[in-house]
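Undergrad: So that you have it, the file is work_5.cif, and it contains mmCIF, C-alpha atoms and all ligand atoms:
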```cif
data_work
#
loop_
_atom_site.label_atom_id
_atom_site.label_comp_id
_atom_site.auth_asym_id
_atom_site.auth_seq_id
_atom_site.Cartn_x
_atom_site.Cartn_y
_atom_site.Cartn_z
CA MET A 276 8.49 9.39 -13.74
CA ALA A 277 10.03 6.21 -12.38
CA ASN A 278 10.37 6.09 -8.61
CA ALA A 279 14.08 6.17 -7.79
CA ILE A 280 13.68 4.55 -4.36
CA PRO A 281 14.49 0.85 -4.76
CA VAL A 282 12.08 -1.87 -3.66
CA ILE A 283 12.87 -5.54 -3.19
CA ALA A 284 9.55 -7.37 -3.56
CA ILE A 285 9.43 -10.75 -1.83
CA ASP A 286 6.26 -12.72 -2.49
CA GLY A 287 5.31 -16.28 -1.71
CA PRO A 288 2.85 -18.56 0.07
CA SER A 289 2.11 -18.73 3.81
CA ALA A 290 4.82 -20.07 6.11
CA SER A 291 7.45 -20.01 3.38
CA GLY A 292 9.78 -18.13 5.72
CA LYS A 293 9.70 -15.00 3.60
CA GLY A 294 8.95 -12.74 6.58
CA THR A 295 12.13 -13.76 8.39
CA VAL A 296 14.22 -13.57 5.23
CA ALA A 297 12.74 -10.22 4.19
CA GLN A 298 13.41 -8.64 7.59
CA LEU A 299 17.02 -9.81 7.55
CA VAL A 300 17.55 -8.46 4.04
CA ALA A 301 16.08 -5.12 5.14
CA THR A 302 18.38 -5.00 8.17
CA GLU A 303 21.46 -5.85 6.07
CA LEU A 304 20.69 -3.04 3.61
CA GLY A 305 19.39 -0.56 6.19
CA PHE A 306 16.09 -0.51 4.26
CA HIS A 307 12.54 -0.07 5.54
CA TYR A 308 10.39 -3.18 5.83
CA LEU A 309 6.74 -3.67 4.89
CA ASP A 310 4.91 -6.70 6.25
CA SER A 311 1.83 -6.37 4.05
CA GLY A 312 0.23 -9.50 5.52
CA ALA A 313 0.04 -7.67 8.86
CA LEU A 314 -2.29 -5.12 7.24
CA TYR A 315 -4.77 -7.81 6.21
CA ARG A 316 -4.46 -9.41 9.65
CA ILE A 317 -5.20 -6.03 11.30
CA VAL A 318 -8.30 -5.59 9.14
CA ALA A 319 -9.45 -9.11 10.11
CA LEU A 320 -8.99 -8.32 13.80
CA ALA A 321 -10.57 -4.86 13.65
CA THR A 322 -13.64 -6.03 11.73
CA GLN A 323 -14.10 -8.99 14.05
CA GLN A 324 -14.03 -6.62 17.04
CA LYS A 325 -16.72 -4.57 15.29
CA ASN A 326 -18.83 -7.64 14.43
CA ILE A 327 -18.42 -7.06 10.71
CA ALA A 328 -18.48 -10.33 8.77
CA TRP A 329 -15.27 -11.02 6.84
CA ASP A 330 -17.23 -11.81 3.67
CA ASN A 331 -19.00 -8.42 3.71
CA ALA A 332 -16.80 -6.60 1.16
CA SER A 333 -18.38 -3.15 1.38
CA GLU A 334 -18.48 -2.96 5.19
CA VAL A 335 -14.98 -4.40 5.59
CA SER A 336 -13.54 -1.91 3.06
CA ALA A 337 -15.43 1.08 4.47
CA TYR A 338 -14.32 0.30 8.01
CA ALA A 339 -10.69 -0.26 6.92
CA LYS A 340 -10.55 3.31 5.55
CA ASP A 341 -10.88 4.73 9.06
CA LEU A 342 -8.36 2.52 10.83
CA HIS A 343 -5.28 4.11 12.31
CA ILE A 344 -2.44 1.64 11.71
CA GLN A 345 1.11 2.20 12.93
CA PHE A 346 4.29 0.12 12.84
CA THR A 347 7.00 0.84 15.41
CA GLY A 348 9.91 -1.59 15.18
CA ASP A 349 8.39 -5.04 15.70
CA GLN A 350 5.20 -3.67 17.28
CA VAL A 351 1.95 -3.09 15.40
CA TYR A 352 -0.69 -0.66 16.66
CA LEU A 353 -4.36 -0.48 15.75
CA ASN A 354 -6.03 2.75 16.88
CA ASN A 355 -3.17 3.13 19.40
CA ALA A 356 -3.61 -0.37 20.91
CA ASP A 357 -0.73 -2.84 20.62
CA VAL A 358 -2.07 -5.75 18.53
CA SER A 359 1.31 -7.34 17.69
CA ASP A 360 0.46 -10.69 19.30
CA ALA A 361 -3.29 -10.66 18.62
CA ILE A 362 -2.84 -10.49 14.83
CA ARG A 363 -0.44 -13.48 14.79
CA SER A 364 -3.03 -16.09 15.78
CA GLU A 365 -4.01 -18.82 13.31
CA GLN A 366 -7.53 -17.43 13.37
CA MET A 367 -6.38 -13.98 12.22
CA GLY A 368 -4.28 -15.64 9.51
CA LYS A 369 -7.45 -17.27 8.26
CA GLY A 370 -9.43 -14.03 8.64
CA ALA A 371 -6.72 -12.15 6.74
CA SER A 372 -6.98 -14.51 3.80
CA GLU A 373 -10.79 -14.11 3.84
CA VAL A 374 -10.83 -10.30 3.85
CA ALA A 375 -7.96 -10.26 1.33
CA VAL A 376 -10.25 -11.56 -1.43
CA HIS A 377 -12.07 -8.19 -1.60
CA ALA A 378 -10.77 -5.99 -4.43
CA SER A 379 -12.27 -2.92 -2.70
CA LEU A 380 -10.24 -3.59 0.46
CA ARG A 381 -7.06 -4.12 -1.55
CA ALA A 382 -7.65 -0.72 -3.18
CA VAL A 383 -8.06 0.91 0.26
CA LEU A 384 -4.72 -0.53 1.43
CA LEU A 385 -2.77 0.44 -1.69
CA ASN A 386 -1.83 4.01 -0.74
CA LEU A 387 -0.82 2.94 2.75
CA GLN A 388 1.52 0.33 1.26
CA HIS A 389 3.00 2.86 -1.19
CA SER A 390 3.75 5.20 1.72
CA PHE A 391 6.34 2.69 3.00
CA ARG A 392 8.52 3.39 -0.05
CA GLN A 393 11.00 5.71 1.56
CA ALA A 394 14.74 6.31 1.18
CA PRO A 395 17.09 4.54 1.19
CA GLY A 396 14.83 1.65 0.09
CA LEU A 397 12.14 -0.86 0.99
CA VAL A 398 11.88 -4.61 1.35
CA ALA A 399 8.20 -5.50 0.89
CA ASP A 400 6.86 -8.91 1.81
CA GLY A 401 3.49 -10.33 0.75
CA ARG A 402 1.56 -11.97 -2.07
CA ASP A 403 1.24 -9.18 -4.64
CA MET A 404 4.22 -6.93 -3.93
CA GLY A 405 5.86 -7.56 -7.31
CA SER A 406 2.68 -8.09 -9.32
CA VAL A 407 0.42 -5.23 -8.14
CA VAL A 408 1.75 -2.96 -5.38
CA PHE A 409 5.31 -2.32 -6.61
CA PRO A 410 5.31 -3.55 -10.23
CA ASP A 411 8.41 -1.40 -10.95
CA ALA A 412 10.48 -3.03 -8.16
CA PRO A 413 14.02 -3.56 -9.51
CA LEU A 414 14.22 -6.95 -7.79
CA LYS A 415 11.35 -9.42 -7.38
CA ILE A 416 11.74 -12.69 -5.54
CA PHE A 417 9.21 -15.50 -5.36
CA LEU A 418 10.16 -17.38 -2.22
CA THR A 419 8.54 -20.74 -1.70
CA ALA A 420 8.84 -24.22 -0.21
CA SER A 421 6.81 -27.41 -0.49
CA THR A 422 3.56 -27.54 1.50
CA GLU A 423 4.98 -30.31 3.72
CA VAL A 424 8.10 -28.34 4.61
CA ARG A 425 6.06 -25.21 5.30
CA ALA A 426 3.65 -27.16 7.53
CA GLN A 427 6.61 -28.66 9.38
CA ARG A 428 8.13 -25.21 9.94
CA ARG A 429 4.85 -23.79 11.22
CA TYR A 430 4.41 -26.84 13.48
CA GLN A 431 7.87 -26.37 15.02
CA GLN A 432 7.24 -22.65 15.39
CA LEU A 433 4.03 -23.26 17.39
CA LEU A 434 5.69 -25.91 19.56
CA GLY A 435 8.50 -23.43 20.21
CA LYS A 436 5.89 -21.00 21.52
CA ASN A 437 4.45 -23.75 23.76
CA GLN A 438 1.22 -23.75 21.76
CA ILE A 439 -0.78 -26.88 21.00
CA ALA A 440 -0.10 -27.91 17.42
CA ASN A 441 -1.37 -30.66 15.18
CA TYR A 442 0.65 -31.28 12.00
CA ALA A 443 -2.30 -32.66 9.99
CA ASP A 444 -4.48 -29.63 10.84
CA ILE A 445 -1.69 -27.23 9.95
CA LEU A 446 -1.11 -28.96 6.61
CA LEU A 447 -4.81 -28.80 5.75
CA ASP A 448 -5.03 -25.16 6.78
CA LEU A 449 -2.04 -24.26 4.58
CA GLN A 450 -3.52 -26.10 1.61
CA GLN A 451 -6.81 -24.22 2.04
CA ARG A 452 -5.05 -20.89 2.43
CA ASP A 453 -2.88 -21.53 -0.66
CA ALA A 454 -6.00 -22.39 -2.66
CA ARG A 455 -7.74 -19.19 -1.51
CA ASP A 456 -4.67 -16.98 -2.16
CA GLN A 457 -4.01 -18.49 -5.59
CA GLY A 458 -7.60 -18.83 -6.72
CA ARG A 459 -9.03 -15.40 -5.90
CA ALA A 460 -9.82 -12.93 -8.66
CA ALA A 461 -8.21 -9.88 -6.97
CA ALA A 462 -4.41 -9.90 -6.94
CA PRO A 463 -3.98 -13.68 -6.69
CA LEU A 464 -0.68 -15.12 -5.53
CA ILE A 465 1.29 -15.57 -8.73
CA MET A 466 4.94 -15.52 -9.63
CA PRO A 467 5.49 -12.45 -11.84
CA THR A 468 7.35 -13.33 -15.06
CA ASP A 469 10.20 -11.00 -14.07
CA ALA A 470 10.62 -12.56 -10.58
CA LEU A 471 13.39 -14.93 -9.51
CA LEU A 472 12.29 -18.21 -7.94
CA LEU A 473 13.85 -19.06 -4.58
CA GLU A 474 12.92 -22.57 -3.48
CA THR A 475 13.87 -22.99 0.19
CA ASP A 476 13.13 -26.66 1.02
CA ASN A 477 16.85 -27.34 1.30
CA LEU A 478 18.10 -23.84 1.99
CA THR A 479 19.03 -22.21 5.31
CA ILE A 480 17.72 -18.75 6.16
CA SER A 481 21.16 -17.22 5.81
CA ALA A 482 21.65 -18.84 2.38
CA ALA A 483 18.30 -17.37 1.25
CA VAL A 484 19.32 -13.93 2.54
CA SER A 485 22.71 -14.15 0.78
CA PHE A 486 21.04 -15.16 -2.48
CA ILE A 487 18.78 -12.08 -2.41
CA LEU A 488 21.58 -9.68 -1.41
CA GLU A 489 23.80 -11.01 -4.20
CA LYS A 490 21.04 -10.58 -6.79
CA TYR A 491 20.34 -7.09 -5.49
CA TRP A 492 23.97 -5.93 -5.72
CA HIS A 493 24.22 -7.45 -9.16
CA LYS A 494 21.11 -5.56 -10.35
CA MET A 495 22.32 -2.29 -8.88
CA GLN A 496 25.67 -2.55 -10.64
CA LYS A 497 24.01 -2.70 -14.07
O1 LIG B 501 1.74 -13.16 5.17
P1 LIG B 501 0.63 -13.47 6.12
O2 LIG B 501 0.48 -14.93 6.44
O3 LIG B 501 0.67 -12.64 7.35
O4 LIG B 501 -0.70 -13.04 5.33
C1 LIG B 501 -1.96 -13.38 5.81
C2 LIG B 501 -2.93 -13.40 4.63
O5 LIG B 501 -3.09 -12.09 4.10
C3 LIG B 501 -2.49 -14.25 3.44
O6 LIG B 501 -2.90 -15.60 3.54
C4 LIG B 501 -3.15 -13.56 2.26
O7 LIG B 501 -4.44 -14.05 2.05
C5 LIG B 501 -3.27 -12.12 2.69
N1 LIG B 501 -2.28 -11.26 2.04
C6 LIG B 501 -2.59 -10.78 0.78
N2 LIG B 501 -1.74 -9.94 0.16
C7 LIG B 501 -0.58 -9.58 0.73
C8 LIG B 501 -0.23 -10.10 2.01
C9 LIG B 501 -1.10 -10.96 2.63
O8 LIG B 501 -3.63 -11.11 0.22
N3 LIG B 501 0.22 -8.74 0.09
#
```
Now that the file is in, can you turn its structure into structure tokens?
Ligand code: C5P

TA:
Amino acid sequence: MANAIPVIAIDGPSASGKGTVAQLVATELGFHYLDSGALYRIVALATQQKNIAWDNASEVSAYAKDLHIQFTGDQVYLNNADVSDAIRSEQMGKGASEVAVHASLRAVLLNLQHSFRQAPGLVADGRDMGSVVFPDAPLKIFLTASTEVRAQRRYQQLLGKNQIANYADILLDLQQRDARDQGRAAAPLIMPTDALLLETDNLTISAAVSFILEKYWHKMQK
């Protein structure tokens, strides 16, 4: 039976701004929000703490099964410790994209992701929300921007946090992460055929949010 709880799936590459847009859409609609990237970041952090190599698929997946992960508002907890800031580092972003290649880990995280689908609805942000995790989502958005614009946004974001940032390094890192996310065998980053493309190079955040809300209301009226 089809799941009656609506999901808006928002997929796209790193630093496309989809996290910010997805959270605002969720707030506007009073929906729950799933930051699926945070799950892969948590696994990267937890396995690093346990000295498990990120390329060891079986150990990473087995360890991930036992993790206690909780989201409370903007805070993320791993085995009751607040890891909200720790998982946001560039290193954990890289680790996340390394552990994310393992099909066995993706299978472990599937049920957890499904459990976020609760009334009145869910906005799910990631790489495979529309293609694998919520293929029946009534609205799928593929939100993207050019690599240069994404690198510029990430650069400004780091400067804003008073962190040392080098544009050329950020650009290279994004290109490598895109290649890994698009080229992997398990749930690669693709635009599902039934998704709408939202290209944000010349779009403000509020215009992107309005676009999605409009498409959502339109779908729901049908
Ligand atoms: O979105 P975020 O940058 O936090 O994701 C970190 C990494 O986690 C991505 O580069 C990607 O490799 C992986 N990821 C994934 N599938 C998702 C969400 C994130 O493979 N649904």

Undergrad: May I ask which of the residues A:Pro395, A:Lys415, A:Ser336, A:Ile445 is the closest one to Gln431 of chain A, counting all atoms listed in the file?

TA: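 Of A:Pro395, A:Lys415, A:Ser336, A:Ile445, the one nearest Gln431 of chain A is A:Ile445, counting all atoms listed in the file.
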
Undergrad: For ligand LIG 501 (chain B), which residue among A:His389, A:His307, A:Lys340, A:Arg455 is the nearest when counting only C-alpha atoms and all ligand atoms?

TA: A:Arg455

Undergrad: Please give the centre and size of the box around segment 296-303 of chain A (axis-aligned, containing every atom listed in the file, 5 Å added per side), with values in Å to one decimal and written as lines of an AutoDock Vina configuration file.

TA:
```
center_x = 17.1
center_y = -9.3
center_z = 6.1
size_x = 18.7
size_y = 18.6
size_z = 14.1
```

Undergrad: Neighbouring residues of ligand LIG 501 (chain B) are defined here as those with any atom at most 9 Å from a ligand atom, counting only C-alpha atoms and all ligand atoms; list them as an NGL selection string.

TA: :A and (286-290 or 293-294 or 310-316 or 362-363 or 367-376 or 381 or 399-404 or 407-408 or 449 or 452-453 or 455-457 or 461-464)

Undergrad: Could you work out how far atom CA of Leu414 of chain A lies from atom CA of Asp469 of chain A, giving the answer in Å with one decimal?

TA: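 Between atom CA of Asp469 of chain A and atom CA of Leu414 of chain A the gap works out to 8.5 Å.
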
Undergrad: Counting only C-alpha atoms, find the residues whose atoms lie at most 12 Å from (25.2, -14.0, 1.5) (file coordinates) and write them out as number ranges by chain.

TA: A: 296, 299-300, 303, 479-492

Undergrad: Which one is closest to Leu397 of chain A: A:Asn331, A:Asn326, A:Gln438, A:Gln298? Count all atoms listed in the file.

TA: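 For Leu397 of chain A, the nearest of the candidates is A:Gln298.
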
Undergrad: Could you give me, as JSON, numbers by chain, the residues within 10 Å of Ala426 of chain A, counting only C-alpha atoms and dropping anything in the same chain fewer than 5 positions from it?

TA: {"A": [289, 290, 291, 420, 421, 431, 432, 441, 442, 443, 444, 445, 446, 447, 448, 449, 450]}

Undergrad: In Å, how far is it from atom CA of Ala378 of chain A to atom CA of Ala394 of chain A?

TA: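 Rounded to one decimal, the two atoms are 28.9 Å apart.
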
Undergrad: Between atom CA of Glu365 of chain A and atom CA of Val282 of chain A, measure the distance and give it in Å to one decimal.

TA: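 Atom-to-atom, atom CA of Glu365 of chain A to atom CA of Val282 of chain A, that is 28.9 Å.
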
Undergrad: Taking 6 positions as the minimum chain separation for residues in the same chain, which residues sit within 7 Å of Ile344 of chain A when counting only C-alpha atoms? Answer as a list of chain:residue names.

TA: A:Tyr352, A:Leu353, A:Asn354

Undergrad: Could you check the closest approach to Lys325 of chain A for each of A:Met495, A:Ala412, A:Ala339, A:Leu433 and tell me which residue wins, using all atoms listed in the file?

TA: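 Closest candidate: A:Ala339.
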
Undergrad: Distance cut-off 10 Å, centre (4.7, -6.1, 16.0) in file coordinates, counting only C-alpha atoms: which residues qualify? Return them as a VMD selection string.

TA: chain A and resid 310 313 345 to 352 357 to 363
